[in-house]
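Structure file input-v7.txt with compact mmCIF, N, CA and C atoms:
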```txt
# COMPACT_ATOMS: atom_id res chain seq x y z
N PRO A 119 -126.92 -54.05 36.21
CA PRO A 119 -126.91 -53.02 37.25
C PRO A 119 -127.02 -53.65 38.64
N PRO A 120 -126.46 -52.98 39.64
CA PRO A 120 -126.57 -53.50 41.00
C PRO A 120 -128.04 -53.66 41.40
N GLN A 121 -128.31 -54.68 42.18
CA GLN A 121 -129.67 -54.91 42.66
C GLN A 121 -129.68 -54.77 44.17
N LYS A 122 -130.74 -54.13 44.68
CA LYS A 122 -130.90 -53.99 46.11
C LYS A 122 -131.25 -55.35 46.71
N GLY A 123 -130.60 -55.67 47.83
CA GLY A 123 -130.94 -56.88 48.56
C GLY A 123 -132.10 -56.59 49.50
N ARG A 124 -132.34 -57.48 50.43
CA ARG A 124 -133.41 -57.31 51.40
C ARG A 124 -133.22 -56.03 52.21
N HIS A 125 -131.98 -55.73 52.51
CA HIS A 125 -131.66 -54.55 53.30
C HIS A 125 -131.38 -53.40 52.34
N ARG A 126 -132.12 -52.34 52.46
CA ARG A 126 -132.03 -51.24 51.51
C ARG A 126 -130.65 -50.62 51.47
N MET A 127 -129.88 -50.71 52.53
CA MET A 127 -128.58 -50.05 52.58
C MET A 127 -127.46 -50.94 52.04
N ILE A 128 -127.78 -52.16 51.66
CA ILE A 128 -126.78 -53.06 51.10
C ILE A 128 -127.15 -53.34 49.65
N THR A 129 -126.20 -53.09 48.74
CA THR A 129 -126.41 -53.37 47.33
C THR A 129 -125.57 -54.58 46.96
N ARG A 130 -126.20 -55.55 46.31
CA ARG A 130 -125.51 -56.78 45.92
C ARG A 130 -125.50 -56.90 44.40
N ILE A 131 -124.31 -57.12 43.85
CA ILE A 131 -124.17 -57.33 42.41
C ILE A 131 -124.09 -58.84 42.20
N PRO A 132 -125.08 -59.41 41.52
CA PRO A 132 -125.14 -60.87 41.38
C PRO A 132 -123.91 -61.46 40.70
N GLY A 133 -123.56 -62.66 41.15
CA GLY A 133 -122.47 -63.42 40.54
C GLY A 133 -123.02 -64.43 39.55
N LYS A 134 -122.17 -65.32 39.08
CA LYS A 134 -122.58 -66.35 38.13
C LYS A 134 -123.42 -67.43 38.80
N VAL A 135 -123.24 -67.58 40.11
CA VAL A 135 -123.97 -68.57 40.89
C VAL A 135 -125.02 -67.82 41.70
N ALA A 136 -126.26 -68.30 41.68
CA ALA A 136 -127.36 -67.58 42.33
C ALA A 136 -127.14 -67.33 43.82
N SER A 137 -126.38 -68.17 44.48
CA SER A 137 -126.19 -68.03 45.93
C SER A 137 -125.00 -67.16 46.31
N ARG A 138 -124.38 -66.48 45.31
CA ARG A 138 -123.19 -65.66 45.59
C ARG A 138 -123.25 -64.33 44.85
N SER A 139 -122.79 -63.29 45.52
CA SER A 139 -122.64 -61.98 44.89
C SER A 139 -121.19 -61.82 44.48
N ARG A 140 -120.96 -61.15 43.36
CA ARG A 140 -119.55 -60.89 42.99
C ARG A 140 -119.07 -59.59 43.61
N ALA A 141 -120.01 -58.77 44.08
CA ALA A 141 -119.64 -57.56 44.82
C ALA A 141 -120.79 -57.18 45.73
N VAL A 142 -120.44 -56.60 46.88
CA VAL A 142 -121.43 -56.12 47.83
C VAL A 142 -120.99 -54.72 48.26
N ILE A 143 -121.95 -53.78 48.20
CA ILE A 143 -121.67 -52.38 48.54
C ILE A 143 -122.46 -52.02 49.79
N HIS A 144 -121.77 -51.42 50.76
CA HIS A 144 -122.43 -50.97 51.98
C HIS A 144 -121.64 -49.79 52.57
N ASN A 145 -122.35 -48.75 52.92
CA ASN A 145 -121.76 -47.63 53.63
C ASN A 145 -120.53 -47.05 52.92
N GLY A 146 -120.59 -46.94 51.59
CA GLY A 146 -119.50 -46.34 50.83
C GLY A 146 -118.32 -47.25 50.58
N ILE A 147 -118.47 -48.54 50.90
CA ILE A 147 -117.39 -49.52 50.72
C ILE A 147 -117.92 -50.66 49.86
N VAL A 148 -117.10 -51.13 48.93
CA VAL A 148 -117.43 -52.31 48.13
C VAL A 148 -116.39 -53.38 48.39
N THR A 149 -116.87 -54.62 48.51
CA THR A 149 -115.99 -55.77 48.58
C THR A 149 -116.33 -56.65 47.39
N THR A 150 -115.30 -57.11 46.69
CA THR A 150 -115.52 -57.94 45.51
C THR A 150 -114.50 -59.07 45.48
N VAL A 151 -114.86 -60.13 44.80
CA VAL A 151 -114.00 -61.31 44.72
C VAL A 151 -114.06 -61.87 43.30
N THR A 152 -112.97 -62.45 42.86
CA THR A 152 -112.96 -63.10 41.55
C THR A 152 -111.83 -64.10 41.43
N THR A 153 -112.02 -65.02 40.50
CA THR A 153 -110.95 -65.88 40.01
C THR A 153 -110.84 -65.57 38.52
N SER A 154 -109.86 -66.13 37.89
CA SER A 154 -109.71 -65.93 36.45
C SER A 154 -110.77 -66.71 35.69
N PRO A 155 -111.43 -66.06 34.71
CA PRO A 155 -112.36 -66.81 33.87
C PRO A 155 -111.63 -67.80 32.96
N VAL A 156 -110.33 -67.57 32.75
CA VAL A 156 -109.49 -68.44 31.91
C VAL A 156 -108.70 -69.36 32.85
N LYS A 157 -108.86 -70.65 32.69
CA LYS A 157 -108.22 -71.63 33.59
C LYS A 157 -106.96 -72.21 32.97
N SER A 158 -106.08 -71.35 32.49
CA SER A 158 -104.82 -71.81 31.90
C SER A 158 -103.88 -72.29 32.99
N ALA A 159 -102.78 -72.91 32.59
CA ALA A 159 -101.78 -73.38 33.54
C ALA A 159 -100.82 -72.26 33.95
N SER A 160 -101.01 -71.07 33.39
CA SER A 160 -100.12 -69.94 33.66
C SER A 160 -100.65 -69.08 34.81
N MET A 161 -99.89 -69.01 35.90
CA MET A 161 -100.25 -68.13 37.02
C MET A 161 -100.30 -66.69 36.53
N LEU A 162 -99.36 -66.29 35.69
CA LEU A 162 -99.32 -64.92 35.17
C LEU A 162 -100.61 -64.60 34.41
N GLU A 163 -101.03 -65.50 33.52
CA GLU A 163 -102.24 -65.26 32.74
C GLU A 163 -103.47 -65.24 33.64
N GLN A 164 -103.57 -66.19 34.57
CA GLN A 164 -104.72 -66.20 35.47
C GLN A 164 -104.75 -64.94 36.33
N ALA A 165 -103.60 -64.49 36.79
CA ALA A 165 -103.56 -63.27 37.61
C ALA A 165 -104.01 -62.07 36.78
N ARG A 166 -103.52 -61.96 35.56
CA ARG A 166 -103.93 -60.84 34.70
C ARG A 166 -105.44 -60.86 34.45
N GLU A 167 -105.99 -62.03 34.17
CA GLU A 167 -107.43 -62.16 33.90
C GLU A 167 -108.26 -61.85 35.15
N ALA A 168 -107.79 -62.31 36.31
CA ALA A 168 -108.50 -62.04 37.56
C ALA A 168 -108.48 -60.54 37.87
N LEU A 169 -107.36 -59.89 37.64
CA LEU A 169 -107.26 -58.44 37.90
C LEU A 169 -108.16 -57.67 36.93
N ALA A 170 -108.26 -58.12 35.69
CA ALA A 170 -109.18 -57.49 34.74
C ALA A 170 -110.62 -57.66 35.22
N ALA A 171 -110.94 -58.82 35.77
CA ALA A 171 -112.28 -59.04 36.32
C ALA A 171 -112.53 -58.14 37.53
N ILE A 172 -111.51 -57.92 38.34
CA ILE A 172 -111.64 -56.98 39.48
C ILE A 172 -111.98 -55.60 38.94
N ASP A 173 -111.29 -55.16 37.88
CA ASP A 173 -111.60 -53.86 37.27
C ASP A 173 -113.07 -53.77 36.88
N LYS A 174 -113.59 -54.82 36.24
CA LYS A 174 -115.00 -54.82 35.83
C LYS A 174 -115.93 -54.77 37.03
N ASN A 175 -115.66 -55.60 38.03
CA ASN A 175 -116.50 -55.61 39.22
C ASN A 175 -116.52 -54.25 39.90
N LEU A 176 -115.35 -53.63 40.00
CA LEU A 176 -115.28 -52.30 40.63
C LEU A 176 -116.03 -51.27 39.80
N ALA A 177 -115.88 -51.32 38.48
CA ALA A 177 -116.60 -50.38 37.61
C ALA A 177 -118.11 -50.57 37.76
N ASP A 178 -118.55 -51.83 37.82
CA ASP A 178 -119.97 -52.11 38.00
C ASP A 178 -120.48 -51.58 39.33
N ALA A 179 -119.60 -51.47 40.31
CA ALA A 179 -119.96 -50.95 41.63
C ALA A 179 -119.80 -49.43 41.71
N GLY A 180 -119.33 -48.82 40.63
CA GLY A 180 -119.19 -47.36 40.60
C GLY A 180 -117.88 -46.85 41.15
N THR A 181 -116.84 -47.66 41.08
CA THR A 181 -115.53 -47.23 41.60
C THR A 181 -114.42 -47.78 40.69
N SER A 182 -113.18 -47.72 41.17
CA SER A 182 -112.05 -48.18 40.36
C SER A 182 -110.91 -48.65 41.26
N LYS A 183 -109.89 -49.23 40.62
CA LYS A 183 -108.73 -49.72 41.38
C LYS A 183 -108.01 -48.59 42.11
N ALA A 184 -108.19 -47.35 41.70
CA ALA A 184 -107.56 -46.21 42.40
C ALA A 184 -108.10 -46.05 43.81
N LYS A 185 -109.25 -46.68 44.09
CA LYS A 185 -109.87 -46.54 45.41
C LYS A 185 -109.80 -47.82 46.24
N ILE A 186 -108.97 -48.79 45.80
CA ILE A 186 -108.82 -50.02 46.58
C ILE A 186 -108.10 -49.69 47.89
N ILE A 187 -108.64 -50.23 48.97
CA ILE A 187 -108.05 -50.06 50.29
C ILE A 187 -107.19 -51.27 50.63
N THR A 188 -107.76 -52.45 50.50
CA THR A 188 -107.02 -53.69 50.80
C THR A 188 -107.27 -54.73 49.72
N ALA A 189 -106.29 -55.61 49.57
CA ALA A 189 -106.42 -56.75 48.66
C ALA A 189 -105.88 -57.99 49.36
N MET A 190 -106.62 -59.08 49.25
CA MET A 190 -106.18 -60.37 49.76
C MET A 190 -106.09 -61.30 48.55
N VAL A 191 -104.91 -61.83 48.32
CA VAL A 191 -104.67 -62.69 47.17
C VAL A 191 -104.38 -64.10 47.67
N TYR A 192 -105.15 -65.04 47.17
CA TYR A 192 -104.99 -66.45 47.52
C TYR A 192 -104.33 -67.15 46.35
N LEU A 193 -103.20 -67.80 46.60
CA LEU A 193 -102.44 -68.47 45.55
C LEU A 193 -102.39 -69.97 45.80
N ALA A 194 -102.61 -70.75 44.75
CA ALA A 194 -102.55 -72.20 44.86
C ALA A 194 -101.11 -72.69 45.00
N ASP A 195 -100.14 -71.86 44.59
CA ASP A 195 -98.73 -72.27 44.64
C ASP A 195 -97.88 -71.04 44.94
N MET A 196 -97.45 -70.91 46.20
CA MET A 196 -96.69 -69.73 46.61
C MET A 196 -95.33 -69.63 45.90
N SER A 197 -94.83 -70.74 45.37
CA SER A 197 -93.55 -70.68 44.66
C SER A 197 -93.68 -69.89 43.35
N ARG A 198 -94.93 -69.62 42.92
CA ARG A 198 -95.18 -68.87 41.69
C ARG A 198 -95.64 -67.43 41.98
N LYS A 199 -95.41 -66.96 43.20
CA LYS A 199 -95.83 -65.62 43.60
C LYS A 199 -95.20 -64.55 42.71
N GLY A 200 -94.02 -64.79 42.18
CA GLY A 200 -93.36 -63.83 41.29
C GLY A 200 -94.21 -63.51 40.07
N GLU A 201 -94.94 -64.51 39.56
CA GLU A 201 -95.83 -64.28 38.41
C GLU A 201 -96.99 -63.39 38.82
N LEU A 202 -97.54 -63.63 40.00
CA LEU A 202 -98.61 -62.77 40.51
C LEU A 202 -98.08 -61.35 40.67
N ASN A 203 -96.88 -61.22 41.25
CA ASN A 203 -96.28 -59.89 41.44
C ASN A 203 -96.11 -59.16 40.12
N GLN A 204 -95.71 -59.87 39.07
CA GLN A 204 -95.54 -59.24 37.75
C GLN A 204 -96.88 -58.70 37.25
N ALA A 205 -97.93 -59.52 37.32
CA ALA A 205 -99.25 -59.08 36.88
C ALA A 205 -99.74 -57.91 37.74
N TRP A 206 -99.54 -58.00 39.05
CA TRP A 206 -99.97 -56.95 39.97
C TRP A 206 -99.27 -55.63 39.64
N ASP A 207 -97.95 -55.70 39.46
CA ASP A 207 -97.17 -54.48 39.20
C ASP A 207 -97.57 -53.83 37.87
N GLU A 208 -97.96 -54.64 36.88
CA GLU A 208 -98.44 -54.10 35.60
C GLU A 208 -99.80 -53.43 35.77
N TRP A 209 -100.59 -53.91 36.72
CA TRP A 209 -101.99 -53.50 36.87
C TRP A 209 -102.23 -52.41 37.91
N VAL A 210 -101.56 -52.47 39.02
CA VAL A 210 -101.88 -51.59 40.17
C VAL A 210 -101.71 -50.11 39.82
N ASP A 211 -102.55 -49.28 40.42
CA ASP A 211 -102.45 -47.82 40.27
C ASP A 211 -101.34 -47.34 41.21
N MET A 212 -100.17 -47.04 40.65
CA MET A 212 -99.01 -46.69 41.47
C MET A 212 -99.19 -45.38 42.23
N ALA A 213 -100.16 -44.57 41.86
CA ALA A 213 -100.45 -43.34 42.60
C ALA A 213 -101.35 -43.63 43.81
N ASN A 214 -101.93 -44.83 43.85
CA ASN A 214 -102.87 -45.20 44.92
C ASN A 214 -102.66 -46.66 45.30
N VAL A 215 -101.50 -46.98 45.83
CA VAL A 215 -101.14 -48.36 46.11
C VAL A 215 -101.88 -48.85 47.37
N PRO A 216 -102.65 -49.94 47.22
CA PRO A 216 -103.38 -50.47 48.38
C PRO A 216 -102.49 -51.37 49.24
N GLN A 217 -103.00 -51.72 50.40
CA GLN A 217 -102.38 -52.75 51.22
C GLN A 217 -102.72 -54.08 50.57
N ARG A 218 -101.74 -55.01 50.54
CA ARG A 218 -101.99 -56.31 49.91
C ARG A 218 -101.33 -57.41 50.72
N ALA A 219 -102.02 -58.55 50.83
CA ALA A 219 -101.45 -59.73 51.46
C ALA A 219 -101.68 -60.92 50.53
N CYS A 220 -100.77 -61.89 50.58
CA CYS A 220 -100.90 -63.12 49.79
C CYS A 220 -100.83 -64.32 50.72
N LEU A 221 -101.70 -65.27 50.45
CA LEU A 221 -101.72 -66.51 51.23
C LEU A 221 -101.66 -67.70 50.28
N GLY A 222 -100.94 -68.73 50.67
CA GLY A 222 -100.94 -69.98 49.93
C GLY A 222 -102.08 -70.84 50.43
N VAL A 223 -102.94 -71.30 49.53
CA VAL A 223 -104.14 -72.07 49.90
C VAL A 223 -104.41 -73.15 48.85
N VAL A 224 -105.32 -74.03 49.15
CA VAL A 224 -105.81 -74.99 48.16
C VAL A 224 -107.03 -74.35 47.51
N LEU A 225 -106.98 -74.17 46.20
CA LEU A 225 -108.11 -73.60 45.46
C LEU A 225 -108.81 -74.71 44.67
N GLU A 226 -110.05 -74.45 44.31
CA GLU A 226 -110.87 -75.44 43.62
C GLU A 226 -110.46 -75.60 42.15
N GLY A 227 -110.52 -76.81 41.67
CA GLY A 227 -110.31 -77.09 40.24
C GLY A 227 -108.99 -76.56 39.73
N ALA A 228 -109.05 -75.88 38.58
CA ALA A 228 -107.84 -75.37 37.92
C ALA A 228 -107.52 -73.93 38.32
N ASP A 229 -108.22 -73.39 39.33
CA ASP A 229 -107.92 -72.02 39.78
C ASP A 229 -106.54 -71.96 40.42
N LEU A 230 -105.75 -70.99 40.00
CA LEU A 230 -104.43 -70.77 40.57
C LEU A 230 -104.41 -69.53 41.47
N VAL A 231 -105.40 -68.64 41.27
CA VAL A 231 -105.43 -67.39 42.04
C VAL A 231 -106.88 -66.98 42.27
N GLU A 232 -107.14 -66.43 43.46
CA GLU A 232 -108.42 -65.83 43.79
C GLU A 232 -108.10 -64.54 44.51
N ILE A 233 -108.82 -63.47 44.16
CA ILE A 233 -108.50 -62.15 44.70
C ILE A 233 -109.75 -61.52 45.31
N VAL A 234 -109.60 -60.99 46.53
CA VAL A 234 -110.67 -60.27 47.21
C VAL A 234 -110.15 -58.85 47.47
N VAL A 235 -110.92 -57.85 47.05
CA VAL A 235 -110.53 -56.46 47.34
C VAL A 235 -111.66 -55.72 48.01
N THR A 236 -111.28 -54.75 48.82
CA THR A 236 -112.21 -53.81 49.44
C THR A 236 -111.81 -52.43 48.95
N ALA A 237 -112.80 -51.66 48.50
CA ALA A 237 -112.52 -50.34 47.93
C ALA A 237 -113.58 -49.35 48.38
N ALA A 238 -113.21 -48.07 48.37
CA ALA A 238 -114.17 -47.01 48.59
C ALA A 238 -114.96 -46.80 47.30
N VAL A 239 -116.22 -46.41 47.47
CA VAL A 239 -117.08 -46.14 46.29
C VAL A 239 -117.06 -44.67 46.01
```

Can the structure in the file be given as structure tokens, please?
Amino acid sequence: PPQKGRHRMITRIPGKVASRSRAVIHNGIVTTVTTSPVKSASMLEQAREALAAIDKNLADAGTSKAKIITAMVYLADMSRKGELNQAWDEWVDMANVPQRACLGVVLEGADLVEIVVTAAV
């Protein structure tokens, strides 16, 4: 369950690392971030796994992908953006399409994709 931080109006959902939250809720808005728990060589598989993790994080925060406002997707290889698009198109709520941007970046280790979303609660 979400745990209250020092500030009563901010709710932080702990991540796997003690110094990071996987979601933070404030003023009716949640921001969450994830990478794929599966570090395969497939951008498509990592994107699907990361989006499934976003679903869990949003559910834990009391919301869903239907309420996503913005998404920022970081890709280790922009030439593979088509694989991300395939996973996204399979996953996104077409009745509530959020704004989305993709950036090519250097990610840590075997991560191919990292996704940050902001959603209404």

Of A:Ile172, A:Leu162, A:Thr188, A:Leu225, the one nearest to Asn203 in chain A when counting all atoms listed in the file is A:Leu162

ask   = Where does DSSP see helix (DSSP H, G or I) in range 121-197 of chain A, if you list the residues as a list in words?
value = Met161, Leu162, Glu163, Gln164, Ala165, Arg166, Glu167, Ala168, Leu169, Ala170, Ala171, Ile172, Asp173, Lys174, Asn175, Leu176, Ala177, Asp178, Lys183, Ala184, Lys185, Met196 and Ser197 of chain A

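Restricting the calculation to all atoms listed in the file, the smallest distance between Ala189 in chain A and any of A:Ser158, A:Ser139, A:Thr153, A:Gln217 is found for A:Gln217.
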
**Request:** Figure out the distance between CA of Ala141 in chain A and CA of Met161 in chain A, please, to one decimal in Å.
**Result:**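 That distance, rounded to one decimal, is 23.4 Å.
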
(message) Can you pull out the residues contacting range 179-185 of chain A? Cut-off 12 Å, using only C-alpha atoms, and skip same-chain residues under 6 positions away; I want them as a ChimeraX atom specification.
(response) /A:119-121,128-132,139-144,146-150,169-173,206,209-217,235-239

Enumerate, as a short mmCIF file (atom, residue, chain, number, x, y, z; two decimals) with N, CA and C atoms, in the frame of the given file, the complete set of residues in chain A that a backbone-based DSSP assignment places in strand (DSSP E or B).
```cif
data_model
loop_
_atom_site.label_atom_id
_atom_site.label_comp_id
_atom_site.auth_asym_id
_atom_site.auth_seq_id
_atom_site.Cartn_x
_atom_site.Cartn_y
_atom_site.Cartn_z
N GLN A 121 -128.31 -54.68 42.18
CA GLN A 121 -129.67 -54.91 42.66
C GLN A 121 -129.68 -54.77 44.17
N LYS A 122 -130.74 -54.13 44.68
CA LYS A 122 -130.90 -53.99 46.11
C LYS A 122 -131.25 -55.35 46.71
N ILE A 128 -127.78 -52.16 51.66
CA ILE A 128 -126.78 -53.06 51.10
C ILE A 128 -127.15 -53.34 49.65
N THR A 129 -126.20 -53.09 48.74
CA THR A 129 -126.41 -53.37 47.33
C THR A 129 -125.57 -54.58 46.96
N ARG A 130 -126.20 -55.55 46.31
CA ARG A 130 -125.51 -56.78 45.92
C ARG A 130 -125.50 -56.90 44.40
N ILE A 131 -124.31 -57.12 43.85
CA ILE A 131 -124.17 -57.33 42.41
C ILE A 131 -124.09 -58.84 42.20
N PRO A 132 -125.08 -59.41 41.52
CA PRO A 132 -125.14 -60.87 41.38
C PRO A 132 -123.91 -61.46 40.70
N SER A 139 -122.79 -63.29 45.52
CA SER A 139 -122.64 -61.98 44.89
C SER A 139 -121.19 -61.82 44.48
N ARG A 140 -120.96 -61.15 43.36
CA ARG A 140 -119.55 -60.89 42.99
C ARG A 140 -119.07 -59.59 43.61
N ALA A 141 -120.01 -58.77 44.08
CA ALA A 141 -119.64 -57.56 44.82
C ALA A 141 -120.79 -57.18 45.73
N VAL A 142 -120.44 -56.60 46.88
CA VAL A 142 -121.43 -56.12 47.83
C VAL A 142 -120.99 -54.72 48.26
N ILE A 143 -121.95 -53.78 48.20
CA ILE A 143 -121.67 -52.38 48.54
C ILE A 143 -122.46 -52.02 49.79
N HIS A 144 -121.77 -51.42 50.76
CA HIS A 144 -122.43 -50.97 51.98
C HIS A 144 -121.64 -49.79 52.57
N ILE A 147 -118.47 -48.54 50.90
CA ILE A 147 -117.39 -49.52 50.72
C ILE A 147 -117.92 -50.66 49.86
N VAL A 148 -117.10 -51.13 48.93
CA VAL A 148 -117.43 -52.31 48.13
C VAL A 148 -116.39 -53.38 48.39
N THR A 149 -116.87 -54.62 48.51
CA THR A 149 -115.99 -55.77 48.58
C THR A 149 -116.33 -56.65 47.39
N THR A 150 -115.30 -57.11 46.69
CA THR A 150 -115.52 -57.94 45.51
C THR A 150 -114.50 -59.07 45.48
N VAL A 151 -114.86 -60.13 44.80
CA VAL A 151 -114.00 -61.31 44.72
C VAL A 151 -114.06 -61.87 43.30
N THR A 152 -112.97 -62.45 42.86
CA THR A 152 -112.96 -63.10 41.55
C THR A 152 -111.83 -64.10 41.43
N THR A 153 -112.02 -65.02 40.50
CA THR A 153 -110.95 -65.88 40.01
C THR A 153 -110.84 -65.57 38.52
N ILE A 186 -108.97 -48.79 45.80
CA ILE A 186 -108.82 -50.02 46.58
C ILE A 186 -108.10 -49.69 47.89
N ILE A 187 -108.64 -50.23 48.97
CA ILE A 187 -108.05 -50.06 50.29
C ILE A 187 -107.19 -51.27 50.63
N THR A 188 -107.76 -52.45 50.50
CA THR A 188 -107.02 -53.69 50.80
C THR A 188 -107.27 -54.73 49.72
N ALA A 189 -106.29 -55.61 49.57
CA ALA A 189 -106.42 -56.75 48.66
C ALA A 189 -105.88 -57.99 49.36
N MET A 190 -106.62 -59.08 49.25
CA MET A 190 -106.18 -60.37 49.76
C MET A 190 -106.09 -61.30 48.55
N VAL A 191 -104.91 -61.83 48.32
CA VAL A 191 -104.67 -62.69 47.17
C VAL A 191 -104.38 -64.10 47.67
N TYR A 192 -105.15 -65.04 47.17
CA TYR A 192 -104.99 -66.45 47.52
C TYR A 192 -104.33 -67.15 46.35
N LEU A 193 -103.20 -67.80 46.60
CA LEU A 193 -102.44 -68.47 45.55
C LEU A 193 -102.39 -69.97 45.80
N GLN A 217 -103.00 -51.72 50.40
CA GLN A 217 -102.38 -52.75 51.22
C GLN A 217 -102.72 -54.08 50.57
N ARG A 218 -101.74 -55.01 50.54
CA ARG A 218 -101.99 -56.31 49.91
C ARG A 218 -101.33 -57.41 50.72
N ALA A 219 -102.02 -58.55 50.83
CA ALA A 219 -101.45 -59.73 51.46
C ALA A 219 -101.68 -60.92 50.53
N CYS A 220 -100.77 -61.89 50.58
CA CYS A 220 -100.90 -63.12 49.79
C CYS A 220 -100.83 -64.32 50.72
N LEU A 221 -101.70 -65.27 50.45
CA LEU A 221 -101.72 -66.51 51.23
C LEU A 221 -101.66 -67.70 50.28
N GLY A 222 -100.94 -68.73 50.67
CA GLY A 222 -100.94 -69.98 49.93
C GLY A 222 -102.08 -70.84 50.43
N VAL A 231 -105.40 -68.64 41.27
CA VAL A 231 -105.43 -67.39 42.04
C VAL A 231 -106.88 -66.98 42.27
N GLU A 232 -107.14 -66.43 43.46
CA GLU A 232 -108.42 -65.83 43.79
C GLU A 232 -108.10 -64.54 44.51
N ILE A 233 -108.82 -63.47 44.16
CA ILE A 233 -108.50 -62.15 44.70
C ILE A 233 -109.75 -61.52 45.31
N VAL A 234 -109.60 -60.99 46.53
CA VAL A 234 -110.67 -60.27 47.21
C VAL A 234 -110.15 -58.85 47.47
N VAL A 235 -110.92 -57.85 47.05
CA VAL A 235 -110.53 -56.46 47.34
C VAL A 235 -111.66 -55.72 48.01
N THR A 236 -111.28 -54.75 48.82
CA THR A 236 -112.21 -53.81 49.44
C THR A 236 -111.81 -52.43 48.95
N ALA A 237 -112.80 -51.66 48.50
CA ALA A 237 -112.52 -50.34 47.93
C ALA A 237 -113.58 -49.35 48.38
N ALA A 238 -113.21 -48.07 48.37
CA ALA A 238 -114.17 -47.01 48.59
C ALA A 238 -114.96 -46.80 47.30
#
```

Pairwise distance, atom C of Gly133 in chain A with atom C of Glu208 in chain A, equals 26.0 Å

Written record: range 160-178 of chain A, N, CA and C atoms, as a compact mmCIF listing (two decimals), in the first residue's frame:
```txt
# COMPACT_ATOMS: atom_id res chain seq x y z
N SER A 160 15.15 -8.04 -26.77
CA SER A 160 14.03 -7.62 -27.60
C SER A 160 13.42 -6.32 -27.08
N MET A 161 13.49 -5.26 -27.89
CA MET A 161 12.85 -3.99 -27.53
C MET A 161 11.35 -4.21 -27.36
N LEU A 162 10.74 -5.00 -28.22
CA LEU A 162 9.30 -5.27 -28.15
C LEU A 162 8.95 -5.91 -26.81
N GLU A 163 9.71 -6.93 -26.40
CA GLU A 163 9.42 -7.60 -25.14
C GLU A 163 9.65 -6.66 -23.95
N GLN A 164 10.76 -5.92 -23.97
CA GLN A 164 11.01 -4.99 -22.87
C GLN A 164 9.93 -3.92 -22.80
N ALA A 165 9.48 -3.43 -23.94
CA ALA A 165 8.42 -2.41 -23.95
C ALA A 165 7.13 -2.99 -23.38
N ARG A 166 6.77 -4.19 -23.79
CA ARG A 166 5.56 -4.82 -23.27
C ARG A 166 5.64 -5.01 -21.75
N GLU A 167 6.78 -5.48 -21.26
CA GLU A 167 6.96 -5.70 -19.82
C GLU A 167 6.94 -4.39 -19.05
N ALA A 168 7.56 -3.35 -19.60
CA ALA A 168 7.56 -2.04 -18.94
C ALA A 168 6.15 -1.47 -18.89
N LEU A 169 5.38 -1.62 -19.95
CA LEU A 169 4.00 -1.12 -19.96
C LEU A 169 3.13 -1.90 -18.97
N ALA A 170 3.37 -3.19 -18.83
CA ALA A 170 2.65 -3.98 -17.82
C ALA A 170 3.01 -3.48 -16.42
N ALA A 171 4.27 -3.13 -16.21
CA ALA A 171 4.68 -2.58 -14.91
C ALA A 171 4.02 -1.21 -14.67
N ILE A 172 3.87 -0.41 -15.72
CA ILE A 172 3.16 0.88 -15.59
C ILE A 172 1.73 0.60 -15.13
N ASP A 173 1.07 -0.39 -15.73
CA ASP A 173 -0.30 -0.75 -15.31
C ASP A 173 -0.34 -1.05 -13.82
N LYS A 174 0.62 -1.85 -13.33
CA LYS A 174 0.65 -2.20 -11.91
C LYS A 174 0.88 -0.96 -11.04
N ASN A 175 1.84 -0.14 -11.41
CA ASN A 175 2.13 1.06 -10.64
C ASN A 175 0.91 1.97 -10.57
N LEU A 176 0.23 2.13 -11.70
CA LEU A 176 -0.96 2.98 -11.72
C LEU A 176 -2.07 2.38 -10.86
N ALA A 177 -2.27 1.07 -10.94
CA ALA A 177 -3.28 0.41 -10.12
C ALA A 177 -2.96 0.58 -8.63
N ASP A 178 -1.68 0.43 -8.28
CA ASP A 178 -1.27 0.62 -6.89
C ASP A 178 -1.52 2.05 -6.42
```
